[in-house]
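Only one structure is covered here, and it is reproduced in the block below.
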Amino acid sequence: MTVYNDDASGTDGALRRSLGIDRRRFLSTCTAAGAAAIAAPVLGASPAFARPASGPGHDHGHGHGQALVPAHKRGIILYTVRDATGRDPLSTTLPSGFREVFKELARYGYKQVEFAGYGQHANAPGGNNLESVEGAKLLRSWLDDYGLRAQGNHGFIPGSWPLSQSDLDQFKRHLEIANILGMDHMGTGGDPTGSAYRADWDVAADKWNALGQIAHRAGIKLYTHNHDAAYGFLLDGGPLDDQGRPTRSSGIRKLEYFLKVTDPKTVWLEMDVYWAHVAQYKFHTYTALDGSVRENIFDPAAVVRRHNKRYPLFHAKDGIINTASGDGYDMVPFGTGVIDYRTFFRRVGEAQYRNPMVEQDTAPSSTDLAQSLKQARISYEGMAALRK
């Protein structure tokens with residue numbers, strides 16, 4: 001397996017600095033036990049890695065100072081408002097279908113959208129399926145009408161490997177659609193593999209390196225998207241189980257291994273910052289090759305900084321602490337939760353390069369049909385409010 005050099009810019013500073021904990025909270029949290037005391041919030045004692053309940057992170061007025069997310073980079077993945085794009089325009093006065101949803105999102109201030117497929121209600125202009133060259137041209141005309149830029153899609157990634165001819169043809173059609181829409185990036189909403197084993201990540205890397213080269217020839221950056229499991233620890237050593245698979249870890253996280261064995265010139269990533277924080281909450285210890293249990297607290301921003309340009313996109317999804325949940329958080333509109341995006345965006349930098357897309361999986365409601373669009377507006381205001 002080829003190991004690729006990346007444009008790493010190491011960030012192995014002190015734990016307090018790397019986690020973005022301010023000095024007063026650090027001193028009040030720590031004891032003579034030092035770093036061990038910081039582990040308590042990961043186990044649910046208090047949100048030490050989250051934004052304070054008041055202060056700069058909760059400045060919802062646009063305030064003073066330079067915006068952390070430039071206006072032309074404020075985006076949203078359309079999955080957040082999937083009920084609106086899928087709504088029958090003949091049954092409601094609410095925005096329905098792609099064209100009207102684009103108009104509404106532009107009215108809030110958004111400048112970028114990330115697609116989650118190209119389907120909408122059959123009664124919306126253009127019909128139910130715009131996954132075609134002609135459909136892409138229609139979508140592009142509406143994006144242009146409302147001053148929006150398409151910046152990605154959670155769409156088709158071939159299931160076959162080696163690639164079947166039909167999968168290859170469909171993948172190339174999606175690249176053609178992406179180019180018509182004016183995207184720099186095209187990707188998927190899933191992890192490269194759901195496995196914990198290095199051998200399976202090696203296979204996934206071979207596939208993504210091949211797909212990345214095809215996308216590169218089409219002028220597109222191919223990206224994969226993470227959930228929490230991808231930032232868990234790789235099983236890559238120690239005693240074997242009864243199926244011959246390793247049971248212990250060297251301490252490297254799955255997606256960080258993927259970064260090592262994929263080509264930085266052709267394979268890119270979109271970090272879902274919410275799920276990265278869930279990973280911080282869930283995956284903080286591992287069984288080392290010698291059988292000892294070791295602690296390693298995940299720092300999402302440090303991973304981005306180490307691999308810098310490989311993270312051109314983010315899902316900007318907020319949460320509130322819920323230690324009764326296995327994830328440690330519940331999703332809420334951006335800017336209304338505790339994830340410290342002000343510190344995160346300041347640490348990762350490259351504001352003119354990154355493309356943060358608001359996402360809220362839970363925005364649609366069966367009782368308040370306007371909820372997802374209302375929460376999209378709240379989320380835009382929350383992103384616009386972030387200041388250096």
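By convention in this document, the chains of the structure tokens carry letters A, B, ... by their order, each chain's residues are numbered from 1, and ligands are numbered from 1 in the order they are shown.
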- Message: Considering only alpha helix (DSSP H) as DSSP defines it on the backbone, what residues of stretch 114-189 of chain A qualify? List them as a VMD selection string.
- Response: chain A and resid 133 to 145 165 to 181
How about saving the chosen residues, N, CA, C and O atoms kept, as a compact mmCIF listing (two decimals), in the first residue's frame?
# COMPACT_ATOMS: atom_id res chain seq x y z
N VAL A 133 -28.06 15.64 -17.89
CA VAL A 133 -27.43 16.83 -18.46
C VAL A 133 -28.45 17.96 -18.56
O VAL A 133 -28.17 19.11 -18.18
N GLU A 134 -29.63 17.65 -19.08
CA GLU A 134 -30.64 18.71 -19.22
C GLU A 134 -31.10 19.20 -17.85
O GLU A 134 -31.33 20.41 -17.67
N GLY A 135 -31.27 18.29 -16.91
CA GLY A 135 -31.66 18.70 -15.56
C GLY A 135 -30.61 19.58 -14.92
O GLY A 135 -30.93 20.57 -14.24
N ALA A 136 -29.33 19.24 -15.13
CA ALA A 136 -28.25 20.05 -14.57
C ALA A 136 -28.23 21.45 -15.16
O ALA A 136 -27.97 22.44 -14.47
N LYS A 137 -28.52 21.55 -16.46
CA LYS A 137 -28.56 22.88 -17.09
C LYS A 137 -29.68 23.73 -16.50
O LYS A 137 -29.51 24.94 -16.30
N LEU A 138 -30.81 23.09 -16.20
CA LEU A 138 -31.92 23.81 -15.60
C LEU A 138 -31.56 24.26 -14.19
O LEU A 138 -31.79 25.43 -13.83
N LEU A 139 -30.99 23.36 -13.40
CA LEU A 139 -30.56 23.71 -12.05
C LEU A 139 -29.54 24.85 -12.08
O LEU A 139 -29.61 25.78 -11.27
N ARG A 140 -28.61 24.78 -13.03
CA ARG A 140 -27.58 25.83 -13.12
C ARG A 140 -28.22 27.18 -13.43
O ARG A 140 -27.80 28.22 -12.88
N SER A 141 -29.23 27.18 -14.27
CA SER A 141 -29.88 28.46 -14.60
C SER A 141 -30.53 29.07 -13.36
O SER A 141 -30.48 30.28 -13.16
N TRP A 142 -31.13 28.22 -12.51
CA TRP A 142 -31.76 28.74 -11.29
C TRP A 142 -30.71 29.20 -10.28
O TRP A 142 -30.89 30.23 -9.63
N LEU A 143 -29.63 28.45 -10.16
CA LEU A 143 -28.55 28.88 -9.27
C LEU A 143 -28.04 30.26 -9.71
O LEU A 143 -27.85 31.16 -8.88
N ASP A 144 -27.81 30.42 -11.00
CA ASP A 144 -27.32 31.69 -11.52
C ASP A 144 -28.33 32.82 -11.28
O ASP A 144 -27.95 33.95 -10.94
N ASP A 145 -29.61 32.50 -11.44
CA ASP A 145 -30.65 33.51 -11.23
C ASP A 145 -30.59 34.10 -9.82
O ASP A 145 -30.87 35.30 -9.63
N GLN A 165 -18.43 -1.66 -15.60
CA GLN A 165 -18.55 -0.66 -16.66
C GLN A 165 -19.75 0.25 -16.42
O GLN A 165 -19.68 1.47 -16.65
N SER A 166 -20.86 -0.32 -15.92
CA SER A 166 -22.05 0.52 -15.69
C SER A 166 -21.80 1.52 -14.57
O SER A 166 -22.23 2.68 -14.66
N ASP A 167 -21.10 1.09 -13.51
CA ASP A 167 -20.77 2.02 -12.43
C ASP A 167 -19.83 3.12 -12.92
O ASP A 167 -19.99 4.30 -12.56
N LEU A 168 -18.85 2.74 -13.72
CA LEU A 168 -17.92 3.74 -14.25
C LEU A 168 -18.65 4.75 -15.13
O LEU A 168 -18.42 5.96 -15.02
N ASP A 169 -19.55 4.26 -15.97
CA ASP A 169 -20.31 5.17 -16.83
C ASP A 169 -21.16 6.13 -16.01
O ASP A 169 -21.23 7.33 -16.31
N GLN A 170 -21.81 5.61 -14.96
CA GLN A 170 -22.65 6.47 -14.13
C GLN A 170 -21.81 7.49 -13.36
O GLN A 170 -22.20 8.66 -13.23
N PHE A 171 -20.67 7.05 -12.88
CA PHE A 171 -19.77 7.98 -12.17
C PHE A 171 -19.35 9.12 -13.09
O PHE A 171 -19.35 10.29 -12.69
N LYS A 172 -19.03 8.80 -14.33
CA LYS A 172 -18.63 9.83 -15.29
C LYS A 172 -19.79 10.76 -15.61
O LYS A 172 -19.58 11.97 -15.83
N ARG A 173 -21.01 10.23 -15.65
CA ARG A 173 -22.18 11.10 -15.87
C ARG A 173 -22.32 12.09 -14.71
O ARG A 173 -22.64 13.27 -14.94
N HIS A 174 -22.07 11.64 -13.51
CA HIS A 174 -22.16 12.54 -12.36
C HIS A 174 -21.07 13.61 -12.40
O HIS A 174 -21.30 14.76 -11.99
N LEU A 175 -19.90 13.26 -12.90
CA LEU A 175 -18.85 14.26 -13.07
C LEU A 175 -19.25 15.29 -14.12
O LEU A 175 -19.00 16.49 -13.96
N GLU A 176 -19.89 14.84 -15.18
CA GLU A 176 -20.38 15.77 -16.21
C GLU A 176 -21.42 16.72 -15.62
O GLU A 176 -21.39 17.93 -15.87
N ILE A 177 -22.35 16.17 -14.84
CA ILE A 177 -23.35 17.00 -14.17
C ILE A 177 -22.68 18.01 -13.25
O ILE A 177 -23.05 19.20 -13.22
N ALA A 178 -21.69 17.56 -12.49
CA ALA A 178 -20.98 18.46 -11.57
C ALA A 178 -20.34 19.62 -12.33
O ALA A 178 -20.38 20.78 -11.87
N ASN A 179 -19.77 19.34 -13.47
CA ASN A 179 -19.15 20.40 -14.26
C ASN A 179 -20.18 21.37 -14.81
O ASN A 179 -19.95 22.59 -14.84
N ILE A 180 -21.32 20.88 -15.23
CA ILE A 180 -22.38 21.77 -15.71
C ILE A 180 -22.84 22.69 -14.59
O ILE A 180 -23.06 23.89 -14.78
N LEU A 181 -22.95 22.13 -13.39
CA LEU A 181 -23.39 22.92 -12.23
C LEU A 181 -22.32 23.87 -11.72
O LEU A 181 -22.61 24.74 -10.91
- Message: Set the distance at 10 Å and use only C-alpha atoms: which residues neighbour A:Ala370 once local chain neighbours fewer than 4 positions away are removed? I'd like the list as number ranges by chain.
- Response: A: 81, 83-84, 94-95, 363-366, 374-375
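Nearest-residue note for A:Gly190: choosing from A:Ile252, A:Leu269, A:Ala150, A:Leu211, the minimum distance belongs to A:Leu269, counting only C-alpha atoms.
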- Message: Need the shell around A:Ala384: protein/DNA/RNA residues with any atom at most 12 Å away, counting only C-alpha atoms. Skip same-chain ones fewer than 3 positions apart. Format as a PyMOL selection string?
- Response: chain A and resi 57-75+108-111+334-335+341-342+356+358+377-381+387-388
- Message: Which residue is closest to A:Phe102? Choose from A:Asn226, A:Ser249, A:Thr85, A:Gln120 and count only C-alpha atoms.
- Response: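 Distance minimum relative to A:Phe102 lands on A:Thr85.
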- Message: Quick check for you: according to DSSP on this backbone, which residues of stretch 147-195 of chain A are classed as strand (DSSP E)? Reply as JSON, numbers by chain.
- Response: {"A": [149, 150, 151, 152, 153, 185, 186, 187]}
- Considering only C-alpha atoms, state which residue in the set A:Thr262, A:Ser91, A:Thr188, A:Asn153 is at the smallest distance from A:Asp206.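 When distances to A:Asp206 are compared using only C-alpha atoms, the smallest one comes from A:Thr262.
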- Item | Long-range neighbours of A:Thr92 as a PyMOL selection string, 12 Å cut-off, only C-alpha atoms, 5 positions minimum in chain | chain A and resi 84+86-87+97+123-124+369-370
Distance query stretch 183-186 of chain A at most 9 Å, only C-alpha atoms, self and fewer than 6 positions along chain excluded, as a PDB file with N, CA and C atoms, in the first residue's frame:
ATOM      1  N   ARG A 149     -23.876  29.382  -5.811  1.00  0.00           N
ATOM      2  CA  ARG A 149     -22.835  28.533  -6.397  1.00  0.00           C
ATOM      3  C   ARG A 149     -23.000  27.109  -5.866  1.00  0.00           C
ATOM      4  N   ALA A 150     -23.034  26.133  -6.751  1.00  0.00           N
ATOM      5  CA  ALA A 150     -23.016  24.734  -6.324  1.00  0.00           C
ATOM      6  C   ALA A 150     -21.586  24.372  -5.946  1.00  0.00           C
ATOM      7  N   GLN A 151     -21.435  23.730  -4.795  1.00  0.00           N
ATOM      8  CA  GLN A 151     -20.084  23.464  -4.307  1.00  0.00           C
ATOM      9  C   GLN A 151     -19.909  22.013  -3.864  1.00  0.00           C
ATOM     10  N   GLY A 152     -20.754  21.133  -4.319  1.00  0.00           N
ATOM     11  CA  GLY A 152     -20.585  19.727  -3.984  1.00  0.00           C
ATOM     12  C   GLY A 152     -21.900  18.990  -4.094  1.00  0.00           C
ATOM     13  N   ASN A 153     -21.808  17.661  -3.995  1.00  0.00           N
ATOM     14  CA  ASN A 153     -23.002  16.818  -4.024  1.00  0.00           C
ATOM     15  C   ASN A 153     -22.717  15.538  -3.269  1.00  0.00           C
ATOM     16  N   HIS A 154     -23.658  15.125  -2.436  1.00  0.00           N
ATOM     17  CA  HIS A 154     -23.596  13.801  -1.835  1.00  0.00           C
ATOM     18  C   HIS A 154     -24.349  12.859  -2.762  1.00  0.00           C
ATOM     19  N   GLY A 155     -23.616  12.326  -3.704  1.00  0.00           N
ATOM     20  CA  GLY A 155     -24.249  11.589  -4.758  1.00  0.00           C
ATOM     21  C   GLY A 155     -23.646  10.221  -4.979  1.00  0.00           C
ATOM     22  N   HIS A 174     -22.072  11.638 -13.506  1.00  0.00           N
ATOM     23  CA  HIS A 174     -22.158  12.541 -12.363  1.00  0.00           C
ATOM     24  C   HIS A 174     -21.067  13.607 -12.405  1.00  0.00           C
ATOM     25  N   LEU A 175     -19.901  13.259 -12.905  1.00  0.00           N
ATOM     26  CA  LEU A 175     -18.848  14.262 -13.073  1.00  0.00           C
ATOM     27  C   LEU A 175     -19.252  15.292 -14.121  1.00  0.00           C
ATOM     28  N   ILE A 177     -22.346  16.170 -14.836  1.00  0.00           N
ATOM     29  CA  ILE A 177     -23.351  17.000 -14.172  1.00  0.00           C
ATOM     30  C   ILE A 177     -22.680  18.012 -13.252  1.00  0.00           C
ATOM     31  N   ALA A 215     -11.851  11.592 -11.418  1.00  0.00           N
ATOM     32  CA  ALA A 215     -12.427  12.913 -11.134  1.00  0.00           C
ATOM     33  C   ALA A 215     -11.437  14.025 -11.463  1.00  0.00           C
ATOM     34  N   GLY A 219     -11.498  17.504 -13.892  1.00  0.00           N
ATOM     35  CA  GLY A 219     -11.380  18.826 -13.279  1.00  0.00           C
ATOM     36  C   GLY A 219     -12.143  18.972 -11.977  1.00  0.00           C
ATOM     37  N   ILE A 220     -12.448  17.849 -11.309  1.00  0.00           N
ATOM     38  CA  ILE A 220     -13.236  17.845 -10.086  1.00  0.00           C
ATOM     39  C   ILE A 220     -12.424  17.251  -8.949  1.00  0.00           C
ATOM     40  N   LYS A 221     -12.563  17.826  -7.752  1.00  0.00           N
ATOM     41  CA  LYS A 221     -11.973  17.253  -6.540  1.00  0.00           C
ATOM     42  C   LYS A 221     -12.989  16.311  -5.894  1.00  0.00           C
ATOM     43  N   LEU A 222     -12.620  15.044  -5.786  1.00  0.00           N
ATOM     44  CA  LEU A 222     -13.508  14.040  -5.210  1.00  0.00           C
ATOM     45  C   LEU A 222     -13.302  13.987  -3.696  1.00  0.00           C
ATOM     46  N   TYR A 223     -14.412  14.034  -2.943  1.00  0.00           N
ATOM     47  CA  TYR A 223     -14.276  14.041  -1.480  1.00  0.00           C
ATOM     48  C   TYR A 223     -15.167  13.001  -0.822  1.00  0.00           C
ATOM     49  N   THR A 224     -14.697  12.515   0.310  1.00  0.00           N
ATOM     50  CA  THR A 224     -15.490  11.650   1.169  1.00  0.00           C
ATOM     51  C   THR A 224     -15.843  12.402   2.438  1.00  0.00           C
ATOM     52  N   TRP A 268      -9.938  14.015  -1.456  1.00  0.00           N
ATOM     53  CA  TRP A 268     -10.173  15.120  -0.540  1.00  0.00           C
ATOM     54  C   TRP A 268     -11.197  14.711   0.506  1.00  0.00           C
ATOM     55  N   PRO A 312     -11.237  20.811   2.076  1.00  0.00           N
ATOM     56  CA  PRO A 312     -11.807  22.030   1.488  1.00  0.00           C
ATOM     57  C   PRO A 312     -13.243  22.308   1.934  1.00  0.00           C
ATOM     58  N   LEU A 313     -13.927  21.280   2.489  1.00  0.00           N
ATOM     59  CA  LEU A 313     -15.328  21.454   2.866  1.00  0.00           C
ATOM     60  C   LEU A 313     -15.570  20.986   4.298  1.00  0.00           C
TER      61      LEU A 313
END
